[in-house]
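As provided, final_33.cif (mmCIF, C-alpha atoms) reads as follows.
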data_final
#
loop_
_atom_site.label_atom_id
_atom_site.label_comp_id
_atom_site.auth_asym_id
_atom_site.auth_seq_id
_atom_site.Cartn_x
_atom_site.Cartn_y
_atom_site.Cartn_z
CA MET A 1 16.28 -8.82 -11.67
CA ASP A 2 19.40 -6.75 -11.24
CA VAL A 3 19.17 -3.19 -10.03
CA ALA A 4 21.94 -0.85 -11.03
CA SER A 5 23.45 1.07 -8.16
CA THR A 6 24.81 4.58 -8.31
CA ASN A 7 26.64 6.84 -5.92
CA ILE A 8 24.36 9.77 -6.75
CA SER A 9 20.72 8.95 -6.11
CA PRO A 10 17.84 10.91 -7.67
CA TYR A 11 15.78 10.19 -4.54
CA THR A 12 15.71 11.80 -1.12
CA GLN A 13 18.45 10.38 1.13
CA GLU A 14 18.53 10.04 4.91
CA SER A 15 21.37 12.58 5.23
CA GLN A 16 19.13 15.24 3.70
CA PHE A 17 15.76 13.92 4.88
CA GLU A 18 15.18 16.34 7.74
CA GLN A 19 15.89 19.38 5.61
CA ALA A 20 13.95 18.07 2.61
CA ILE A 21 10.84 17.08 4.59
CA ASN A 22 10.65 20.60 6.00
CA THR A 23 11.36 22.44 2.74
CA ASP A 24 11.07 20.92 -0.75
CA ILE A 25 8.82 18.01 0.22
CA SER A 26 6.66 20.23 2.44
CA ASP A 27 6.39 22.86 -0.30
CA LEU A 28 5.21 20.30 -2.84
CA TRP A 29 2.77 18.75 -0.37
CA LYS A 30 1.17 22.17 0.15
CA THR A 31 0.27 22.25 -3.55
CA ARG A 32 -1.82 19.06 -3.38
CA GLU A 33 -5.46 18.93 -4.28
CA GLU A 34 -7.55 16.90 -1.87
CA GLY A 35 -11.11 16.09 -1.02
CA TYR A 36 -13.59 13.33 -0.27
CA LEU A 37 -15.49 11.04 -2.57
CA ARG A 38 -18.57 9.01 -1.71
CA THR A 39 -18.27 5.25 -1.91
CA PHE A 40 -20.92 2.82 -3.13
CA ASP A 41 -22.31 2.64 0.44
CA LYS A 42 -22.08 6.42 1.04
CA ARG A 43 -18.86 6.38 3.09
CA LYS A 44 -16.44 9.30 2.87
CA LEU A 45 -13.10 8.40 1.30
CA PHE A 46 -10.21 10.87 1.53
CA TRP A 47 -8.19 11.40 -1.66
CA CYS A 48 -5.35 13.62 -2.80
CA LYS A 49 -3.29 14.30 -5.91
CA LEU A 50 -0.12 16.12 -6.98
CA THR A 51 -0.10 17.15 -10.63
CA HIS A 52 1.83 19.33 -13.07
CA PRO A 53 0.75 20.40 -16.58
CA SER A 54 3.98 19.05 -18.12
CA HIS A 55 3.53 15.50 -16.78
CA ASN A 56 2.11 12.84 -19.10
CA LYS A 57 2.32 9.81 -16.81
CA ALA A 58 0.48 8.99 -13.59
CA ILE A 59 0.87 6.67 -10.61
CA VAL A 60 -1.94 5.61 -8.30
CA VAL A 61 -0.47 4.73 -4.89
CA VAL A 62 -2.46 2.22 -2.81
CA ASN A 63 -1.16 2.19 0.77
CA GLY A 64 -1.24 -0.45 3.49
CA ARG A 65 -3.12 -1.08 6.70
CA ILE A 66 -2.97 1.75 9.32
CA GLU A 67 -1.45 4.07 6.69
CA SER A 68 -2.50 7.39 5.17
CA ALA A 69 -1.49 9.36 2.10
CA TRP A 70 -0.02 11.86 4.57
CA LYS A 71 2.63 9.30 5.46
CA TYR A 72 3.78 9.05 1.82
CA GLN A 73 4.93 12.64 1.29
CA GLU A 74 8.57 11.69 0.62
CA LEU A 75 7.62 8.98 -1.86
CA PHE A 76 5.19 11.30 -3.63
CA TYR A 77 7.94 13.93 -3.89
CA ASP A 78 10.41 11.45 -5.38
CA LEU A 79 7.86 10.14 -7.90
CA PHE A 80 6.74 13.67 -8.80
CA SER A 81 10.39 14.64 -9.32
CA GLN A 82 10.66 11.79 -11.84
CA GLY A 83 7.84 13.30 -13.91
CA TYR A 84 4.84 11.43 -12.51
CA ASP A 85 1.55 12.88 -11.38
CA VAL A 86 0.66 11.13 -8.13
CA TYR A 87 -2.80 10.06 -6.98
CA SER A 88 -3.68 8.38 -3.69
CA TYR A 89 -6.40 7.90 -1.09
CA ASP A 90 -6.99 6.54 2.41
CA HIS A 91 -8.77 3.20 2.79
CA ARG A 92 -12.13 3.11 4.49
CA GLY A 93 -11.83 2.83 8.26
CA GLN A 94 -8.38 4.42 8.46
CA GLY A 95 -6.39 7.59 7.84
CA LEU A 96 -8.62 10.56 7.09
CA SER A 97 -11.35 8.41 5.58
CA GLU A 98 -14.54 7.68 7.48
CA ARG A 99 -14.21 5.17 10.32
CA LEU A 100 -16.67 2.29 10.20
CA ILE A 101 -17.40 1.43 13.83
CA ASP A 102 -17.72 3.28 17.13
CA ASP A 103 -14.15 2.55 18.22
CA PRO A 104 -11.93 4.46 15.74
CA GLN A 105 -8.85 2.52 16.89
CA MET A 106 -10.08 -0.86 15.65
CA GLY A 107 -9.00 -2.02 12.22
CA TYR A 108 -12.29 -3.11 10.72
CA VAL A 109 -13.87 -3.88 7.37
CA GLU A 110 -17.24 -5.48 6.70
CA GLU A 111 -16.16 -7.23 3.48
CA PHE A 112 -12.70 -7.17 1.90
CA ASP A 113 -14.47 -6.59 -1.41
CA ASP A 114 -15.41 -3.14 -0.06
CA TYR A 115 -11.74 -2.14 -0.34
CA ILE A 116 -11.70 -3.32 -3.96
CA LYS A 117 -14.81 -1.34 -4.84
CA ASP A 118 -13.25 1.72 -3.20
CA LEU A 119 -10.11 1.39 -5.34
CA ASP A 120 -12.25 1.11 -8.44
CA SER A 121 -14.20 4.22 -7.38
CA ALA A 122 -11.01 6.17 -6.68
CA ILE A 123 -9.50 5.27 -10.06
CA LYS A 124 -12.67 6.39 -11.84
CA HIS A 125 -12.75 9.59 -9.76
CA PHE A 126 -9.16 10.45 -10.72
CA LYS A 127 -10.03 10.50 -14.46
CA LEU A 128 -6.68 9.23 -15.73
CA GLU A 129 -7.70 8.82 -19.38
CA GLY A 130 -5.64 11.80 -20.55
CA TYR A 131 -2.27 10.32 -19.55
CA GLN A 132 -0.03 8.52 -22.01
CA GLN A 133 1.18 6.14 -19.28
CA ARG A 134 -0.57 4.92 -16.12
CA TYR A 135 0.78 2.76 -13.30
CA LEU A 136 -0.30 1.20 -9.99
CA LEU A 137 2.01 1.06 -6.96
CA ALA A 138 0.70 -0.76 -3.90
CA HIS A 139 2.10 -1.72 -0.50
CA SER A 140 1.23 -4.60 1.86
CA MET A 141 -2.57 -4.74 2.35
CA GLY A 142 -2.77 -2.38 -0.61
CA GLY A 143 -1.00 -5.08 -2.61
CA ALA A 144 -3.77 -7.55 -1.84
CA ILE A 145 -6.44 -4.96 -2.65
CA THR A 146 -4.77 -4.09 -5.95
CA THR A 147 -4.30 -7.75 -6.85
CA ARG A 148 -7.97 -8.48 -6.18
CA TYR A 149 -8.92 -5.38 -8.19
CA LEU A 150 -6.90 -6.69 -11.15
CA GLN A 151 -8.51 -10.10 -10.77
CA THR A 152 -12.12 -8.94 -10.46
CA GLN A 153 -12.66 -5.35 -11.64
CA TYR A 154 -10.00 -4.84 -14.29
CA HIS A 155 -9.51 -6.51 -17.65
CA ASP A 156 -6.40 -5.58 -19.58
CA ASP A 157 -7.99 -5.40 -23.00
CA GLU A 158 -9.81 -2.92 -25.20
CA GLY A 159 -12.87 -3.20 -22.98
CA ALA A 160 -11.07 -1.88 -19.89
CA SER A 161 -12.50 1.34 -18.51
CA ILE A 162 -8.92 2.46 -17.86
CA HIS A 163 -5.70 0.84 -19.06
CA PHE A 164 -2.65 0.56 -16.80
CA ASN A 165 0.77 -0.07 -18.31
CA ALA A 166 2.13 -1.97 -15.29
CA VAL A 167 1.78 -2.56 -11.56
CA ALA A 168 4.38 -2.81 -8.77
CA LEU A 169 3.62 -4.49 -5.45
CA SER A 170 5.77 -3.67 -2.40
CA ALA A 171 5.75 -6.48 0.19
CA PRO A 172 2.20 -7.50 -0.77
CA MET A 173 -0.05 -9.22 1.75
CA PHE A 174 -0.68 -12.63 0.21
CA GLY A 175 -0.41 -14.25 3.62
CA VAL A 176 0.32 -13.11 7.17
CA ASN A 177 3.52 -14.09 8.94
CA MET A 178 2.52 -16.36 11.83
CA PRO A 179 3.71 -19.56 13.55
CA SER A 180 3.14 -22.62 11.41
CA TYR A 181 0.80 -24.21 13.96
CA LEU A 182 -1.59 -21.25 13.64
CA ARG A 183 -1.87 -21.23 9.85
CA PRO A 184 -4.49 -23.98 9.49
CA ILE A 185 -6.75 -22.55 12.20
CA ALA A 186 -6.31 -18.77 11.92
CA LEU A 187 -9.03 -18.17 9.33
CA PRO A 188 -11.75 -20.46 10.77
CA TYR A 189 -10.93 -19.24 14.30
CA ALA A 190 -11.28 -15.58 13.27
CA GLN A 191 -14.53 -16.38 11.50
CA LEU A 192 -15.84 -18.27 14.56
CA ILE A 193 -14.96 -15.53 17.06
CA THR A 194 -16.47 -12.87 14.79
CA GLY A 195 -19.72 -14.85 14.73
CA LEU A 196 -19.79 -15.31 18.49
CA LYS A 197 -19.17 -11.66 19.41
CA ALA A 198 -22.03 -9.17 19.29
CA HIS A 199 -19.63 -6.30 18.64
CA PRO A 200 -16.26 -6.00 16.84
CA THR A 201 -13.33 -7.12 18.93
CA TYR A 202 -9.57 -7.04 18.50
CA ALA A 203 -7.94 -10.18 17.17
CA PRO A 204 -5.96 -12.02 19.87
CA GLY A 205 -2.71 -10.25 20.71
CA HIS A 206 -3.81 -6.89 19.29
CA LYS A 207 -4.89 -3.63 20.91
CA GLU A 208 -5.18 0.13 20.27
CA TYR A 209 -2.46 2.12 18.48
CA TYR A 210 0.96 1.63 20.04
CA PRO A 211 4.15 3.10 18.53
CA LYS A 212 6.79 0.42 19.00
CA PRO A 213 10.23 1.74 19.95
CA PHE A 214 12.53 1.95 16.95
CA ASP A 215 14.88 -0.76 18.26
CA ILE A 216 12.16 -3.42 18.18
CA ASN A 217 10.01 -2.21 15.29
CA PRO A 218 9.39 -4.68 12.44
CA LEU A 219 8.81 -2.06 9.76
CA SER A 220 12.00 -0.14 8.94
CA GLN A 221 15.69 0.20 9.78
CA SER A 222 15.69 3.90 8.88
CA GLN A 223 15.63 5.69 12.20
CA ILE A 224 14.91 9.12 10.75
CA ARG A 225 12.06 7.95 8.51
CA TYR A 226 10.54 5.81 11.25
CA HIS A 227 10.57 8.60 13.83
CA TRP A 228 9.14 11.07 11.30
CA PHE A 229 6.22 8.74 10.60
CA ARG A 230 5.53 8.17 14.31
CA ASP A 231 5.82 11.90 15.05
CA LEU A 232 3.35 12.62 12.24
CA TYR A 233 0.81 10.36 13.94
CA GLU A 234 1.30 12.22 17.22
CA THR A 235 0.83 15.55 15.43
CA MET A 236 -2.25 14.18 13.65
CA PRO A 237 -3.78 11.67 16.11
CA GLU A 238 -6.78 11.25 13.82
CA LEU A 239 -4.50 9.08 11.64
CA LYS A 240 -3.91 6.53 14.40
CA LEU A 241 -5.27 3.02 13.99
CA GLY A 242 -4.71 0.07 16.29
CA GLY A 243 -4.72 -3.65 15.66
CA PRO A 244 -7.12 -5.54 13.40
CA THR A 245 -10.43 -6.97 14.52
CA THR A 246 -11.25 -10.65 14.16
CA ARG A 247 -13.51 -9.76 11.21
CA TRP A 248 -10.66 -7.97 9.45
CA VAL A 249 -8.42 -11.02 9.96
CA TRP A 250 -11.12 -13.32 8.59
CA GLN A 251 -11.75 -11.12 5.56
CA GLY A 252 -8.05 -10.42 4.99
CA LEU A 253 -7.01 -14.07 5.06
CA MET A 254 -9.83 -14.97 2.68
CA ALA A 255 -8.58 -12.31 0.26
CA CYS A 256 -5.02 -13.64 0.53
CA LYS A 257 -6.19 -17.08 -0.55
CA GLN A 258 -8.11 -15.61 -3.48
CA CYS A 259 -5.05 -13.62 -4.62
CA ILE A 260 -3.08 -16.86 -4.98
CA GLN A 261 -5.96 -18.90 -6.40
CA GLN A 262 -6.78 -16.50 -9.24
CA THR A 263 -3.37 -15.54 -10.68
CA ARG A 264 -4.59 -16.47 -14.17
CA GLN A 265 -6.78 -13.39 -14.13
CA ILE A 266 -3.72 -11.08 -14.17
CA SER A 267 -2.15 -10.38 -17.57
CA ILE A 268 -0.76 -6.89 -16.83
CA PRO A 269 3.04 -6.57 -16.36
CA LEU A 270 3.62 -7.03 -12.62
CA LEU A 271 6.65 -6.48 -10.37
CA LEU A 272 6.66 -8.13 -6.95
CA MET A 273 9.18 -6.55 -4.55
CA GLN A 274 9.99 -8.74 -1.57
CA ALA A 275 11.68 -7.71 1.69
CA GLY A 276 14.42 -10.14 2.69
CA GLN A 277 13.91 -9.57 6.44
CA GLU A 278 10.11 -9.68 6.31
CA SER A 279 8.19 -10.35 9.54
CA ILE A 280 4.74 -8.82 8.87
CA VAL A 281 3.48 -10.59 5.77
CA SER A 282 4.42 -14.04 4.46
CA ASN A 283 7.24 -14.34 1.94
CA PRO A 284 6.43 -18.02 1.22
CA HIS A 285 2.94 -16.96 0.14
CA GLN A 286 4.46 -14.28 -2.09
CA ASP A 287 6.69 -16.96 -3.62
CA GLN A 288 3.66 -19.18 -4.19
CA PHE A 289 1.77 -16.32 -5.85
CA PHE A 290 4.70 -15.46 -8.11
CA SER A 291 5.38 -19.08 -9.06
CA LYS A 292 1.77 -19.49 -10.20
CA LEU A 293 1.58 -16.10 -11.89
CA SER A 294 4.78 -16.54 -13.89
CA LYS A 295 3.34 -19.65 -15.55
CA THR A 296 0.66 -17.60 -17.29
CA ASN A 297 2.17 -14.08 -17.28
CA ASP A 298 5.54 -13.74 -19.00
CA GLN A 299 5.75 -10.09 -17.95
CA ALA A 300 5.92 -10.85 -14.22
CA LYS A 301 9.15 -10.07 -12.36
CA LYS A 302 10.29 -10.50 -8.76
CA LEU A 303 12.84 -8.33 -6.99
CA VAL A 304 14.16 -9.55 -3.61
CA ILE A 305 15.76 -6.80 -1.54
CA ASN A 306 17.98 -8.73 0.84
CA GLY A 307 18.28 -7.31 4.35
CA ALA A 308 15.25 -5.02 4.07
CA LYS A 309 12.32 -4.97 6.47
CA HIS A 310 8.65 -4.74 5.50
CA GLU A 311 8.39 -1.08 4.52
CA LEU A 312 10.64 -1.04 1.46
CA LEU A 313 9.67 2.52 0.54
CA PHE A 314 10.51 3.82 4.05
CA GLU A 315 13.69 1.82 4.61
CA GLN A 316 17.34 2.79 4.91
CA ASP A 317 18.75 4.33 1.74
CA ASP A 318 20.54 1.17 0.56
CA TYR A 319 17.27 -0.76 0.52
CA ARG A 320 14.93 2.05 -0.47
CA ASN A 321 17.13 3.06 -3.41
CA GLN A 322 16.96 -0.53 -4.70
CA ALA A 323 13.16 -0.53 -4.42
CA MET A 324 12.84 2.86 -6.13
CA ASN A 325 15.25 1.89 -8.92
CA GLY A 326 13.50 -1.43 -9.38
CA LEU A 327 9.97 -0.10 -9.66
CA LEU A 328 10.85 2.88 -11.87
CA GLN A 329 13.01 0.77 -14.19
CA PHE A 330 10.11 -1.68 -14.44
CA PHE A 331 7.65 1.09 -15.22
CA ASN A 332 10.03 2.64 -17.77
CA SER A 333 10.26 -0.70 -19.56
CA HIS A 334 6.45 -0.80 -19.94
CA GLN A 335 5.48 2.47 -21.56
#

Can the structure from this file be put into structure tokens for me?
Amino acid sequence: MDVASTNISPYTQESQFEQAINTDISDLWKTREEGYLRTFDKRKLFWCKLTHPSHNKAIVVVNGRIESAWKYQELFYDLFSQGYDVYSYDHRGQGLSERLIDDPQMGYVEEFDDYIKDLDSAIKHFKLEGYQQRYLLAHSMGGAITTRYLQTQYHDDEGASIHFNAVALSAPMFGVNMPSYLRPIALPYAQLITGLKAHPTYAPGHKEYYPKPFDINPLSQSQIRYHWFRDLYETMPELKLGGPTTRWVWQGLMACKQCIQQTRQISIPLLLMQAGQESIVSNPHQDQFFSKLSKTNDQAKKLVINGAKHELLFEQDDYRNQAMNGLLQFFNSHQ
């Protein structure tokens, strides 16, 4: 899938980022509506939206692990500027949503299906029926959640409670990047340790929130965007989340397998955006997912952004512009 390049970008650029984040982006963010909804098990889920009466298309943004809607202010601004109303929320156990265990730093979920039910609840809460066009945009863990939602809660036919025109997945978590010798044992080991421990515990090699120095971070090559995101978490320490627990790893890896196993359940147009320099999630598992999906879904596309790290929507301009062009061109082709 080719992405046309242009010297004049309609999106925020690094050279203007500092000014924009403190003026235009900040001004738009102040107009957001926000609140909390109650989940099926009575947890508090933070949500927010940016809308304008002239907009007739909507995007639901499903973020990744340790993230918050607060982190996505630049993306929301760019999407809003393209005529989209933007809806988002924070996953249970992170961001401004209710934490699930005593230690707020531990990345925990009881069942991965809880994330899927939350997405379904958020979509119903947003009441998107009045829009002519509706889209899903999901990153990393959010990509797995959205994929499982499409496979289990959503049916793209006349019986669907809400119809989406297309979905874009940014570096979706269909597998976790790890040494090959760990792959066969990671899931059963995480399940075993979870069963042996009386209380949630960090997965091996993980600990509380730690902002890696920019030079060794695996997320982004955009220094200004990376430092802004880390500074935000210092300004709002309630957003901080550390490493995953063994239960999260067990549940997450199970969901990854199900994403790949059940590709036949997805008939909606789907764009998979892959980071060429990925080190967080597994590109081979993304390739496996796409290979299977494309056999039954002729509206599936893959866009590889060579040189980019995991966070395609927070990367250097060259990479981010490609991701933004790719997803918006894909959405525009499915109206």

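Using the PyMOL selection byres ((chain A and resi 61) around 8) on this structure selects Ile59, Val60, Val62, Asn63, Val86, Tyr87, Ser88, Tyr89, Leu136, Leu137 and Ala138 of chain A.
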
### Task
Identify, on the basis of all atoms listed in the file, every residue whose closest approach to Asp287 of chain A does not exceed 10 Å; exclude the query and any residue fewer than 2 positions from it along the same chain; express the result as a ChimeraX atom specification.
/A:174,260,272,274,282-285,289-293,302

### Summary
One residue among A:Phe112, A:Phe126, A:Tyr36, A:Tyr135 is nearest to Cys256 of chain A when using all atoms listed in the file, and that residue is A:Phe112

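Remark: for Ile280 of chain A, the closest of the candidate residues A:Leu219, A:Ile224, A:Ile266, A:Val249 is A:Leu219 (distances computed over all atoms listed in the file).
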
### Query
Between A:Ala300, A:Val176, A:Leu271, A:Ala190, which has the minimum distance to Leu327 of chain A (counting all atoms listed in the file)?
A:Leu271

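Nearest to Asp102 of chain A of all the residues A:Pro53, A:Gly35, A:Gly143, A:Pro200 is A:Pro200, based on all atoms listed in the file.
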
### Query
What do you get, as an MDAnalysis selection string, if you spell out every residue that the PyMOL selection byres ((chain A and resi 303-314) around 6) selects here?
chainID A and resid 1 219:220 273:278 302 315 319:320

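Ranking A:Phe164, A:Tyr108, A:Tyr210, A:Phe17 by their shortest atom-to-atom distance to Pro244 of chain A, with all atoms listed in the file included, puts A:Tyr108 first.
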
### Task
Could you give me, as a PyMOL selection string, the residues that sit within 10 Å of (-2.2, 22.2, -2.8) in the file's coordinates, counting only C-alpha atoms?
chain A and resi 27-34+48-51

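Among A:Met324, A:Leu241, A:Leu182, A:Ile116, the residue with the shortest atom-to-atom distance to Arg148 of chain A, counting only C-alpha atoms, is A:Ile116.
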
Could you pull segment 27-42 of chain A out of the block above and give me C-alpha atoms, as a PDB file, in the first residue's frame?
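For reference, result-v5.pdb as written:
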ATOM      1  CA  ASP A  27      -7.367  24.903  23.593  1.00  0.00           C
ATOM      2  CA  LEU A  28      -9.184  22.041  21.872  1.00  0.00           C
ATOM      3  CA  TRP A  29      -8.464  19.661  24.748  1.00  0.00           C
ATOM      4  CA  LYS A  30     -10.106  22.113  27.154  1.00  0.00           C
ATOM      5  CA  THR A  31     -13.366  21.759  25.215  1.00  0.00           C
ATOM      6  CA  ARG A  32     -13.596  17.995  25.787  1.00  0.00           C
ATOM      7  CA  GLU A  33     -16.488  16.349  27.533  1.00  0.00           C
ATOM      8  CA  GLU A  34     -15.454  13.675  29.997  1.00  0.00           C
ATOM      9  CA  GLY A  35     -16.822  11.471  32.705  1.00  0.00           C
ATOM     10  CA  TYR A  36     -17.012   7.952  34.067  1.00  0.00           C
ATOM     11  CA  LEU A  37     -19.179   5.043  33.065  1.00  0.00           C
ATOM     12  CA  ARG A  38     -19.885   1.935  35.107  1.00  0.00           C
ATOM     13  CA  THR A  39     -18.719  -1.371  33.680  1.00  0.00           C
ATOM     14  CA  PHE A  40     -20.539  -4.698  33.888  1.00  0.00           C
ATOM     15  CA  ASP A  41     -18.780  -5.381  37.221  1.00  0.00           C
ATOM     16  CA  LYS A  42     -19.316  -1.841  38.581  1.00  0.00           C
TER      17      LYS A  42
END
